[in-house]
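Colleague: The structure under discussion is supplied below as structure tokens; questions concerning it will follow.
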Amino acid sequence: MTETLIRAASHVVCMDDDRRVLRDADVLLRDGQVVALGQSLTTAGEVVDAEGCVVTPGLVNTHHHLYQTLTRAVPAAQDALLFGWLQTLYPIWARFTPEHMYVSAQIGLAELALSGCTLSSDHLYLYPNGVRLEDTIAAAEEVGLRFHPTRGAMSIGESDGGLPPDALVEEEAVILSDMARVIDAFHDAAPGAMCRVGVAPCSPFSVSRELMRDAAVLARDKGVMMHTHLAENDEDIAYSLEQFGCRPGQYAEDLGWVGLDVWHAHCVKLDASEIDLFARTGTGVAHCPCSNCRLGSGIAPVRAMRDAGVPVGLGVDGSASNDAGNLVAEARQAMLLQRVARGADAMSAQEALEIATRGGADILGRPECGRLSVGARADVAIWDVSGIEAAGSWDPAALLLAGPNTVRDLFVEGRQVVRDGQVTTFDLQAAMRKQAVLANGLMDG
């Protein structure tokens with residue numbers, strides 16, 4: 001039995017069904033679960049002093065491209081819209097090897113951990129030079145985060161009217177076969193699983209209708225979730241209208257890409273009918289506010305989605321379009337953008353934190369994550385609010401208004417991944433040295 005008592009937190013933001021905020025409270029973790037919340041709890045195990053700290057559930061990241069950690073702030077892509085940005089970066093990504101994928105995932109997941117994330121999805125849709133999905137799975141095992149990788153794909157290259165270069169696309173039979181392989185090898189459907197696998201054709205402009213449909217059939221046969229990009233910007237809408245004769249929501253519905261087992265990234269340009277479709281079907285949205293700002297895509301209608309009942313989570317997106325992977329900062333940005341669009345009362349700090357915790361967990365089919373309640377998984381973030389960032393704050397629980405951008409401590413399945421602001425599970429400095437070598441090699445090439 002392993003047991004840890006988080007003691008005397010100034011506030012415990014539970015994000016449970018009653019949305020409780022406990023004062024001067026303890027949280028007891030045992031064998032990967034939360035077993036008690038309250039005051040004056042005791043343990044024979046380790047005690048972590050949380051005086052002067054706010055405790056929250058671990059944050060949940062519902063959309064990322066971890067491989068992009070090695071291509072931040074590429075000069076030619078800094079001021080480009082989505083399609084031009086992709087066309088600039090595709091040739092660089094085509095030179096990636098399994099080592100590039102592994103190291104970029106290590107760094108990206110460590111960055112997420114330091115920002116309070118305990119569960120992250122990843123959308124890997126290109127496989128050059130022998131790259132496989134397990135390159136990122138191995139990195140997640142080492143870092144210690146709960147992981148939901150998706151086997152992405154691109155099948156329509158430039159010569160067939162698609163956006164990606166032909167060198168980065170795969171045959172659709174090969175794609176479907178490998179999707180089945182990685183699900184069988186790595187997907188764990190059990191509650192508390194550390195790794196679940198999904199299927200994720202990249203986007204409507206890089207795969208065929210047939211692959212979208214066949215991937216959905218495969219996913220439902222295997223009992224796994226489905227993910228793709230949808231309605232990201234005006235170019236995306238124009239492409240859908242021109243190529244398919246319908247808006248992205250109709251395209252998704254026609255191909256079986258709506259339902260409780262589906263979540264779409266971005267959805268910046270959903271109209272009222274598409275929002276209603278997603279609400280009726282329980283289709284999830286991964287909101288990526290910083291990337292949407294960086295690429296000039298617009299402000300997603302999150303307030304309207306939430307009011308209609310659309311499940312919404314948060315995503316940092318890839319580090320080539322963010323150019324960061326800080327999930328608590330992403331939550332603050334989500335809150336601020338809705339206020340810009342709809343007024344200062346459009347989204348509270350607590351609602352934005354809810355989206356970043358239980359909102360994302362629910363979208364990924366993980367109701368045992370993203371909240372602190374008896375029986376939930378022991379995924380916990382501890383935020384020190386005694387520092388300068390929160391000085392003068394009247395409400396320490398309002399972390400997104402006045403609070404730190406990095407955690408003091410982080411637990412995943414009860415295992416301490418961050419201690420006193422440092423990743424404990426692997427040699428991060430060695431990984432940083434390796435990424436510098438790899439990134440410099442890409443620049444020289």
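The way I read the labels, and the way they are meant: chains A, B, ... in the order of the structure tokens, residue 1 as the first residue of every chain, and ligand 1 as the first ligand shown, with later ones counted on from there.
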Got a sec: who's within 6 Å of region 120-135 of chain A, counting only C-alpha atoms, leaving out chain neighbours fewer than 6 positions off, as a count of residues only?
Modeller: 17
Colleague: Residues near region 17-24 of chain A, anyone? I mean within 8 Å using only C-alpha atoms, not counting same-chain ones fewer than 3 positions away, as a ChimeraX atom specification.
Modeller: /A:8-14,38-39
Colleague: Give me a file of those residues, with all heavy atoms, as a PDB file, in the first residue's frame.
Modeller:
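Full text of out.pdb as output:
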ATOM      1  N   ALA A   8      -3.354  20.314   5.239  1.00  0.00           N
ATOM      2  CA  ALA A   8      -3.568  21.716   5.613  1.00  0.00           C
ATOM      3  C   ALA A   8      -3.483  22.684   4.434  1.00  0.00           C
ATOM      4  O   ALA A   8      -2.921  23.771   4.552  1.00  0.00           O
ATOM      5  CB  ALA A   8      -2.582  22.131   6.715  1.00  0.00           C
ATOM      6  N   ALA A   9      -4.068  22.290   3.312  1.00  0.00           N
ATOM      7  CA  ALA A   9      -4.151  23.224   2.188  1.00  0.00           C
ATOM      8  C   ALA A   9      -5.080  24.381   2.529  1.00  0.00           C
ATOM      9  O   ALA A   9      -6.130  24.171   3.162  1.00  0.00           O
ATOM     10  CB  ALA A   9      -4.668  22.511   0.944  1.00  0.00           C
ATOM     11  N   SER A  10      -4.728  25.584   2.116  1.00  0.00           N
ATOM     12  CA  SER A  10      -5.609  26.719   2.417  1.00  0.00           C
ATOM     13  C   SER A  10      -6.951  26.558   1.712  1.00  0.00           C
ATOM     14  O   SER A  10      -7.998  26.883   2.272  1.00  0.00           O
ATOM     15  CB  SER A  10      -4.948  28.034   2.017  1.00  0.00           C
ATOM     16  OG  SER A  10      -4.835  28.138   0.608  1.00  0.00           O
ATOM     17  N   HIS A  11      -6.931  26.037   0.489  1.00  0.00           N
ATOM     18  CA  HIS A  11      -8.152  25.767  -0.268  1.00  0.00           C
ATOM     19  C   HIS A  11      -7.967  24.473  -1.063  1.00  0.00           C
ATOM     20  O   HIS A  11      -6.897  24.251  -1.645  1.00  0.00           O
ATOM     21  CB  HIS A  11      -8.471  26.890  -1.261  1.00  0.00           C
ATOM     22  CG  HIS A  11      -8.800  28.211  -0.628  1.00  0.00           C
ATOM     23  ND1 HIS A  11      -7.855  29.005  -0.042  1.00  0.00           N
ATOM     24  CD2 HIS A  11      -9.991  28.869  -0.510  1.00  0.00           C
ATOM     25  CE1 HIS A  11      -8.422  30.110   0.414  1.00  0.00           C
ATOM     26  NE2 HIS A  11      -9.714  30.053   0.150  1.00  0.00           N
ATOM     27  N   VAL A  12      -9.000  23.653  -1.091  1.00  0.00           N
ATOM     28  CA  VAL A  12      -9.044  22.488  -1.971  1.00  0.00           C
ATOM     29  C   VAL A  12     -10.222  22.692  -2.922  1.00  0.00           C
ATOM     30  O   VAL A  12     -11.385  22.676  -2.501  1.00  0.00           O
ATOM     31  CB  VAL A  12      -9.211  21.177  -1.185  1.00  0.00           C
ATOM     32  CG1 VAL A  12      -9.324  19.996  -2.158  1.00  0.00           C
ATOM     33  CG2 VAL A  12      -8.042  20.965  -0.234  1.00  0.00           C
ATOM     34  N   VAL A  13      -9.897  22.932  -4.179  1.00  0.00           N
ATOM     35  CA  VAL A  13     -10.922  23.155  -5.204  1.00  0.00           C
ATOM     36  C   VAL A  13     -11.263  21.785  -5.785  1.00  0.00           C
ATOM     37  O   VAL A  13     -10.535  21.253  -6.623  1.00  0.00           O
ATOM     38  CB  VAL A  13     -10.410  24.121  -6.297  1.00  0.00           C
ATOM     39  CG1 VAL A  13     -11.516  24.391  -7.314  1.00  0.00           C
ATOM     40  CG2 VAL A  13      -9.924  25.424  -5.668  1.00  0.00           C
ATOM     41  N   CYS A  14     -12.379  21.223  -5.354  1.00  0.00           N
ATOM     42  CA  CYS A  14     -12.647  19.812  -5.629  1.00  0.00           C
ATOM     43  C   CYS A  14     -13.066  19.525  -7.076  1.00  0.00           C
ATOM     44  O   CYS A  14     -12.759  18.464  -7.616  1.00  0.00           O
ATOM     45  CB  CYS A  14     -13.726  19.299  -4.679  1.00  0.00           C
ATOM     46  SG  CYS A  14     -13.256  19.319  -2.932  1.00  0.00           S
ATOM     47  N   GLY A  38     -10.917  16.178   3.983  1.00  0.00           N
ATOM     48  CA  GLY A  38     -11.457  16.710   5.226  1.00  0.00           C
ATOM     49  C   GLY A  38     -10.377  17.346   6.066  1.00  0.00           C
ATOM     50  O   GLY A  38      -9.346  17.772   5.537  1.00  0.00           O
ATOM     51  N   GLN A  39     -10.580  17.370   7.348  1.00  0.00           N
ATOM     52  CA  GLN A  39      -9.632  17.988   8.263  1.00  0.00           C
ATOM     53  C   GLN A  39      -9.128  16.969   9.270  1.00  0.00           C
ATOM     54  O   GLN A  39      -9.824  15.987   9.594  1.00  0.00           O
ATOM     55  CB  GLN A  39     -10.285  19.168   8.989  1.00  0.00           C
ATOM     56  CG  GLN A  39     -10.640  20.326   8.059  1.00  0.00           C
ATOM     57  CD  GLN A  39     -11.320  21.462   8.784  1.00  0.00           C
ATOM     58  OE1 GLN A  39     -12.104  21.238   9.690  1.00  0.00           O
ATOM     59  NE2 GLN A  39     -11.016  22.697   8.377  1.00  0.00           N
TER      60      GLN A  39
END
Colleague: Give me, as a list in words, all polymer residues having an atom no more than 8 Å from Leu82 (chain A), counting only C-alpha atoms and skipping those fewer than 5 positions away in the same chain.
Modeller: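 So the residues in contact are Asn233, Leu295 and Ser297 of chain A.
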Colleague: DSSP on the backbone, alpha helix (DSSP H) only: what residues of region 16-262 of chain A does that give? Format it as a ChimeraX atom specification.
Modeller: /A:82-93,98-114,134-143,172-186,209-222,234-244,248-254
Colleague: Hey, could you make a per-residue contact list for region 31-111 of chain A against region 158-168 of chain A with 9 Å as the cut-off, showing the nearest pair of atoms and its distance in Å to one decimal, counting only C-alpha atoms, sorted by chain and number, as CSV?
Modeller:
residue,atom,partner,partner_atom,distance
A:Phe83,CA,A:Leu163,CA,7.7
A:Leu86,CA,A:Pro164,CA,7.9
A:Gln87,CA,A:Pro164,CA,7.0
A:Tyr90,CA,A:Pro164,CA,6.8
A:Pro91,CA,A:Pro165,CA,7.8
A:Trp93,CA,A:Leu168,CA,8.8
A:Ala94,CA,A:Leu168,CA,6.4
Colleague: Select from region 17-54 of chain A everything DSSP, run on the backbone, classes as strand (DSSP E), then give the selection as a PyMOL selection string.
Modeller: chain A and resi 21-30+33-38+46-49+53-54
Colleague: What lies within 9 Å of region 369-378 of chain A using only C-alpha atoms, ignoring chain neighbours under 4 positions off, as a compact mmCIF listing (two decimals) with all heavy atoms, in the first residue's frame?
Modeller:
# COMPACT_ATOMS: atom_id res chain seq x y z
N VAL A 12 -9.00 23.65 -1.09
CA VAL A 12 -9.04 22.49 -1.97
C VAL A 12 -10.22 22.69 -2.92
O VAL A 12 -11.38 22.68 -2.50
CB VAL A 12 -9.21 21.18 -1.19
CG1 VAL A 12 -9.32 20.00 -2.16
CG2 VAL A 12 -8.04 20.97 -0.23
N VAL A 13 -9.90 22.93 -4.18
CA VAL A 13 -10.92 23.15 -5.20
C VAL A 13 -11.26 21.78 -5.78
O VAL A 13 -10.53 21.25 -6.62
CB VAL A 13 -10.41 24.12 -6.30
CG1 VAL A 13 -11.52 24.39 -7.31
CG2 VAL A 13 -9.92 25.42 -5.67
N CYS A 14 -12.38 21.22 -5.35
CA CYS A 14 -12.65 19.81 -5.63
C CYS A 14 -13.07 19.53 -7.08
O CYS A 14 -12.76 18.46 -7.62
CB CYS A 14 -13.73 19.30 -4.68
SG CYS A 14 -13.26 19.32 -2.93
N MET A 15 -13.82 20.42 -7.69
CA MET A 15 -14.42 20.16 -8.99
C MET A 15 -15.23 18.87 -8.98
O MET A 15 -15.34 18.17 -10.00
CB MET A 15 -13.36 20.12 -10.10
CG MET A 15 -12.77 21.46 -10.43
SD MET A 15 -14.04 22.64 -11.00
CE MET A 15 -13.14 24.17 -10.93
N ASP A 16 -15.79 18.54 -7.82
CA ASP A 16 -16.68 17.39 -7.74
C ASP A 16 -18.08 17.79 -8.21
O ASP A 16 -18.27 18.91 -8.72
CB ASP A 16 -16.71 16.83 -6.31
CG ASP A 16 -17.15 17.87 -5.28
OD1 ASP A 16 -17.46 19.03 -5.65
OD2 ASP A 16 -17.17 17.53 -4.08
N ASP A 17 -19.05 16.92 -8.06
CA ASP A 17 -20.38 17.22 -8.58
C ASP A 17 -21.02 18.42 -7.88
O ASP A 17 -21.86 19.10 -8.47
CB ASP A 17 -21.29 15.99 -8.43
CG ASP A 17 -20.88 14.86 -9.35
OD1 ASP A 17 -20.09 15.10 -10.28
OD2 ASP A 17 -21.35 13.72 -9.13
N VAL A 27 -6.11 16.12 1.94
CA VAL A 27 -6.50 15.16 0.91
C VAL A 27 -5.64 13.92 1.11
O VAL A 27 -4.40 14.00 1.12
CB VAL A 27 -6.29 15.72 -0.51
CG1 VAL A 27 -6.74 14.69 -1.56
CG2 VAL A 27 -7.02 17.04 -0.70
N LEU A 28 -6.28 12.77 1.25
CA LEU A 28 -5.56 11.52 1.48
C LEU A 28 -5.61 10.67 0.21
O LEU A 28 -6.68 10.37 -0.32
CB LEU A 28 -6.19 10.75 2.65
CG LEU A 28 -5.48 9.46 3.07
CD1 LEU A 28 -4.04 9.73 3.51
CD2 LEU A 28 -6.27 8.76 4.18
N LEU A 29 -4.43 10.27 -0.25
CA LEU A 29 -4.27 9.45 -1.45
C LEU A 29 -3.78 8.07 -1.04
O LEU A 29 -2.87 7.94 -0.21
CB LEU A 29 -3.25 10.08 -2.41
CG LEU A 29 -3.37 11.58 -2.70
CD1 LEU A 29 -2.25 12.04 -3.62
CD2 LEU A 29 -4.74 11.91 -3.30
N ARG A 30 -4.38 7.03 -1.62
CA ARG A 30 -3.94 5.67 -1.32
C ARG A 30 -4.08 4.80 -2.55
O ARG A 30 -5.16 4.73 -3.16
CB ARG A 30 -4.77 5.08 -0.18
CG ARG A 30 -4.33 3.66 0.24
CD ARG A 30 -5.27 3.08 1.29
NE ARG A 30 -5.33 3.93 2.46
CZ ARG A 30 -6.46 4.16 3.15
NH1 ARG A 30 -7.61 3.64 2.75
NH2 ARG A 30 -6.44 4.94 4.23
N ASP A 31 -2.99 4.15 -2.93
CA ASP A 31 -2.98 3.20 -4.04
C ASP A 31 -3.64 3.75 -5.30
O ASP A 31 -4.46 3.10 -5.95
CB ASP A 31 -3.67 1.90 -3.63
CG ASP A 31 -2.91 1.17 -2.53
OD1 ASP A 31 -1.68 1.40 -2.40
OD2 ASP A 31 -3.53 0.39 -1.79
N GLY A 32 -3.30 5.01 -5.62
CA GLY A 32 -3.75 5.60 -6.88
C GLY A 32 -5.10 6.26 -6.85
O GLY A 32 -5.57 6.73 -7.88
N GLN A 33 -5.74 6.33 -5.68
CA GLN A 33 -7.06 6.94 -5.58
C GLN A 33 -7.12 7.96 -4.46
O GLN A 33 -6.32 7.92 -3.52
CB GLN A 33 -8.13 5.87 -5.32
CG GLN A 33 -8.42 4.97 -6.49
CD GLN A 33 -9.59 4.04 -6.19
OE1 GLN A 33 -9.53 3.24 -5.27
NE2 GLN A 33 -10.65 4.17 -6.96
N VAL A 34 -8.07 8.87 -4.57
CA VAL A 34 -8.42 9.74 -3.45
C VAL A 34 -9.32 8.94 -2.52
O VAL A 34 -10.36 8.42 -2.95
CB VAL A 34 -9.16 11.01 -3.95
CG1 VAL A 34 -9.59 11.87 -2.76
CG2 VAL A 34 -8.30 11.80 -4.91
N VAL A 35 -8.94 8.84 -1.24
CA VAL A 35 -9.73 8.03 -0.31
C VAL A 35 -10.41 8.86 0.76
O VAL A 35 -11.34 8.39 1.42
CB VAL A 35 -8.89 6.91 0.34
CG1 VAL A 35 -8.43 5.91 -0.72
CG2 VAL A 35 -7.70 7.47 1.10
N ALA A 36 -9.98 10.12 0.94
CA ALA A 36 -10.64 10.97 1.94
C ALA A 36 -10.28 12.42 1.70
O ALA A 36 -9.18 12.74 1.23
CB ALA A 36 -10.25 10.57 3.35
N LEU A 37 -11.23 13.32 2.01
CA LEU A 37 -11.01 14.76 2.02
C LEU A 37 -11.62 15.28 3.32
O LEU A 37 -12.71 14.86 3.71
CB LEU A 37 -11.66 15.46 0.82
CG LEU A 37 -11.20 15.03 -0.57
CD1 LEU A 37 -12.22 14.06 -1.17
CD2 LEU A 37 -11.02 16.23 -1.48
N THR A 56 -5.80 21.50 -6.42
CA THR A 56 -6.82 21.28 -7.46
C THR A 56 -6.66 19.89 -8.04
O THR A 56 -5.61 19.25 -7.87
CB THR A 56 -6.70 22.30 -8.61
OG1 THR A 56 -5.51 22.01 -9.38
CG2 THR A 56 -6.66 23.73 -8.10
N PRO A 57 -7.66 19.41 -8.76
CA PRO A 57 -7.42 18.22 -9.57
C PRO A 57 -6.34 18.52 -10.60
O PRO A 57 -6.13 19.68 -10.99
CB PRO A 57 -8.78 17.99 -10.27
CG PRO A 57 -9.77 18.83 -9.54
CD PRO A 57 -9.01 19.97 -8.95
N GLY A 58 -5.65 17.50 -11.05
CA GLY A 58 -4.73 17.69 -12.17
C GLY A 58 -5.48 18.19 -13.39
O GLY A 58 -6.62 17.81 -13.63
N LEU A 59 -4.84 19.08 -14.13
CA LEU A 59 -5.46 19.61 -15.34
C LEU A 59 -5.40 18.58 -16.47
O LEU A 59 -4.56 17.67 -16.46
CB LEU A 59 -4.77 20.90 -15.77
CG LEU A 59 -4.58 21.99 -14.71
CD1 LEU A 59 -4.08 23.28 -15.36
CD2 LEU A 59 -5.85 22.25 -13.91
N VAL A 60 -6.28 18.73 -17.44
CA VAL A 60 -6.41 17.75 -18.53
C VAL A 60 -6.25 18.47 -19.86
O VAL A 60 -6.97 19.43 -20.16
CB VAL A 60 -7.77 17.03 -18.47
CG1 VAL A 60 -7.90 16.05 -19.63
CG2 VAL A 60 -7.93 16.31 -17.13
N THR A 118 -1.98 16.49 -15.57
CA THR A 118 -1.77 15.09 -15.20
C THR A 118 -2.23 14.11 -16.27
O THR A 118 -1.86 12.93 -16.23
CB THR A 118 -2.51 14.76 -13.89
OG1 THR A 118 -3.88 15.16 -14.01
CG2 THR A 118 -1.87 15.50 -12.71
N LEU A 119 -3.05 14.56 -17.20
CA LEU A 119 -3.58 13.72 -18.29
C LEU A 119 -3.52 14.51 -19.57
O LEU A 119 -4.05 15.62 -19.65
CB LEU A 119 -5.02 13.30 -17.98
CG LEU A 119 -5.87 12.72 -19.12
CD1 LEU A 119 -5.24 11.46 -19.69
CD2 LEU A 119 -7.29 12.44 -18.64
N PRO A 191 -10.60 1.31 -15.70
CA PRO A 191 -10.58 2.56 -14.93
C PRO A 191 -9.19 2.78 -14.33
O PRO A 191 -8.55 1.84 -13.85
CB PRO A 191 -11.63 2.32 -13.84
CG PRO A 191 -12.52 1.25 -14.39
CD PRO A 191 -11.63 0.38 -15.22
N GLY A 192 -8.72 4.02 -14.38
CA GLY A 192 -7.39 4.32 -13.86
C GLY A 192 -6.27 4.01 -14.82
O GLY A 192 -5.09 4.12 -14.46
N GLU A 354 -12.79 24.72 -14.39
CA GLU A 354 -13.61 23.52 -14.58
C GLU A 354 -13.41 22.93 -15.97
O GLU A 354 -13.30 21.71 -16.14
CB GLU A 354 -15.08 23.86 -14.36
CG GLU A 354 -16.03 22.70 -14.57
CD GLU A 354 -17.48 23.07 -14.34
OE1 GLU A 354 -17.76 23.85 -13.42
OE2 GLU A 354 -18.34 22.55 -15.08
N ALA A 356 -10.80 23.16 -17.72
CA ALA A 356 -9.44 22.62 -17.78
C ALA A 356 -9.25 21.35 -16.96
O ALA A 356 -8.21 20.69 -17.08
CB ALA A 356 -8.45 23.68 -17.29
N THR A 357 -10.23 20.99 -16.13
CA THR A 357 -10.11 19.80 -15.29
C THR A 357 -11.17 18.77 -15.67
O THR A 357 -10.96 17.98 -16.59
CB THR A 357 -10.19 20.19 -13.80
OG1 THR A 357 -11.38 20.98 -13.57
CG2 THR A 357 -8.97 20.99 -13.37
N ARG A 358 -12.32 18.83 -15.02
CA ARG A 358 -13.34 17.81 -15.28
C ARG A 358 -13.91 17.92 -16.69
O ARG A 358 -14.33 16.90 -17.27
CB ARG A 358 -14.44 17.84 -14.24
CG ARG A 358 -15.28 19.08 -14.19
CD ARG A 358 -16.36 18.96 -13.08
NE ARG A 358 -17.40 18.01 -13.43
CZ ARG A 358 -18.03 17.24 -12.54
NH1 ARG A 358 -17.73 17.29 -11.27
NH2 ARG A 358 -19.00 16.41 -12.94
N GLY A 359 -13.90 19.12 -17.27
CA GLY A 359 -14.39 19.27 -18.64
C GLY A 359 -13.58 18.43 -19.61
O GLY A 359 -14.13 17.68 -20.43
N GLY A 360 -12.26 18.53 -19.53
CA GLY A 360 -11.40 17.74 -20.40
C GLY A 360 -11.45 16.25 -20.09
O GLY A 360 -11.46 15.42 -21.00
N ALA A 361 -11.49 15.91 -18.80
CA ALA A 361 -11.55 14.50 -18.43
C ALA A 361 -12.81 13.84 -18.98
O ALA A 361 -12.78 12.71 -19.49
CB ALA A 361 -11.51 14.37 -16.90
N ASP A 362 -13.93 14.54 -18.91
CA ASP A 362 -15.18 13.98 -19.40
C ASP A 362 -15.14 13.77 -20.91
O ASP A 362 -15.65 12.76 -21.42
CB ASP A 362 -16.36 14.88 -19.02
CG ASP A 362 -16.64 14.86 -17.51
OD1 ASP A 362 -16.05 14.02 -16.80
OD2 ASP A 362 -17.41 15.71 -17.05
N PHE A 411 0.96 15.12 -8.50
CA PHE A 411 0.82 13.68 -8.33
C PHE A 411 -0.02 13.11 -9.47
O PHE A 411 -1.06 13.67 -9.82
CB PHE A 411 0.13 13.35 -7.00
CG PHE A 411 0.95 13.73 -5.78
CD1 PHE A 411 0.92 15.03 -5.29
CD2 PHE A 411 1.74 12.78 -5.15
CE1 PHE A 411 1.66 15.38 -4.17
CE2 PHE A 411 2.49 13.12 -4.04
CZ PHE A 411 2.46 14.43 -3.54
N VAL A 412 0.43 12.00 -10.02
CA VAL A 412 -0.32 11.28 -11.05
C VAL A 412 -0.45 9.83 -10.60
O VAL A 412 0.55 9.15 -10.37
CB VAL A 412 0.38 11.32 -12.42
CG1 VAL A 412 -0.48 10.60 -13.47
CG2 VAL A 412 0.65 12.76 -12.85
N GLU A 413 -1.70 9.39 -10.40
CA GLU A 413 -1.96 8.04 -9.88
C GLU A 413 -1.25 7.86 -8.54
O GLU A 413 -0.78 6.77 -8.18
CB GLU A 413 -1.54 6.99 -10.90
CG GLU A 413 -2.03 5.57 -10.65
CD GLU A 413 -3.55 5.38 -10.81
OE1 GLU A 413 -4.27 6.33 -11.19
OE2 GLU A 413 -4.01 4.26 -10.55
N GLY A 414 -1.14 8.96 -7.78
CA GLY A 414 -0.51 8.93 -6.48
C GLY A 414 1.00 9.01 -6.48
O GLY A 414 1.62 9.13 -5.42
N ARG A 415 1.60 8.98 -7.65
CA ARG A 415 3.06 9.08 -7.77
C ARG A 415 3.47 10.54 -7.94
O ARG A 415 2.87 11.26 -8.75
CB ARG A 415 3.53 8.27 -8.98
CG ARG A 415 5.01 8.33 -9.27
CD ARG A 415 5.29 7.75 -10.64
NE ARG A 415 6.72 7.64 -10.92
CZ ARG A 415 7.23 7.43 -12.14
NH1 ARG A 415 6.42 7.29 -13.18
NH2 ARG A 415 8.53 7.35 -12.31
Colleague: Could you tell me how far CA of Ala77 (chain A) sits from CA of His227 (chain A), in Å to one decimal place?
Modeller: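 Interatomic distance, CA of His227 (chain A) to CA of Ala77 (chain A): 25.2 Å.
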Colleague: Show me, as a tab-separated table, the residues of region 319-387 of chain A having an atom within 12 Å of region 41-51 of chain A, each with the closest atom pair and its distance in Å, using only C-alpha atoms.
Modeller:
residue	atom	partner	partner_atom	distance
A:Val380	CA	A:Ala50	CA	11.9
A:Ala381	CA	A:Ala50	CA	10.7
A:Ile382	CA	A:Ala50	CA	7.3
A:Trp383	CA	A:Ala50	CA	8.6
A:Asp384	CA	A:Ala50	CA	8.0
A:Val385	CA	A:Glu51	CA	9.5
A:Ser386	CA	A:Glu51	CA	9.3
Colleague: Could you take the residues named above and write them with N, CA, C and O atoms, as a JSON list (two decimals), in the first residue's frame?
Modeller:
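Contents of the output file out03.json:
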[["chain", "number", "residue", "atom", "x", "y", "z"],
["A", 380, "VAL", "N", -3.34, 15.07, -8.72],
["A", 380, "VAL", "CA", -3.50, 16.24, -7.87],
["A", 380, "VAL", "C", -2.41, 17.26, -8.16],
["A", 380, "VAL", "O", -1.23, 16.90, -8.28],
["A", 381, "ALA", "N", -2.80, 18.53, -8.25],
["A", 381, "ALA", "CA", -1.86, 19.63, -8.41],
["A", 381, "ALA", "C", -1.87, 20.50, -7.15],
["A", 381, "ALA", "O", -2.94, 20.82, -6.62],
["A", 382, "ILE", "N", -0.70, 20.87, -6.69],
["A", 382, "ILE", "CA", -0.55, 21.74, -5.53],
["A", 382, "ILE", "C", 0.12, 23.04, -5.98],
["A", 382, "ILE", "O", 1.23, 23.02, -6.52],
["A", 383, "TRP", "N", -0.57, 24.15, -5.75],
["A", 383, "TRP", "CA", -0.14, 25.46, -6.21],
["A", 383, "TRP", "C", 0.23, 26.33, -5.01],
["A", 383, "TRP", "O", -0.61, 26.56, -4.14],
["A", 384, "ASP", "N", 1.44, 26.81, -4.96],
["A", 384, "ASP", "CA", 1.90, 27.67, -3.87],
["A", 384, "ASP", "C", 1.42, 29.10, -4.16],
["A", 384, "ASP", "O", 1.88, 29.73, -5.12],
["A", 385, "VAL", "N", 0.51, 29.59, -3.34],
["A", 385, "VAL", "CA", -0.03, 30.93, -3.56],
["A", 385, "VAL", "C", 0.54, 31.94, -2.56],
["A", 385, "VAL", "O", -0.04, 33.00, -2.33],
["A", 386, "SER", "N", 1.72, 31.60, -2.00],
["A", 386, "SER", "CA", 2.37, 32.54, -1.08],
["A", 386, "SER", "C", 3.37, 33.44, -1.80],
["A", 386, "SER", "O", 3.99, 34.30, -1.16]]
Colleague: I'd like the interatomic distance between CA of Ile175 (chain A) and CA of Ile156 (chain A), to a tenth of an Å.
Modeller: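 Atom-to-atom, CA of Ile175 (chain A) and CA of Ile156 (chain A) are spaced 12.2 Å apart.
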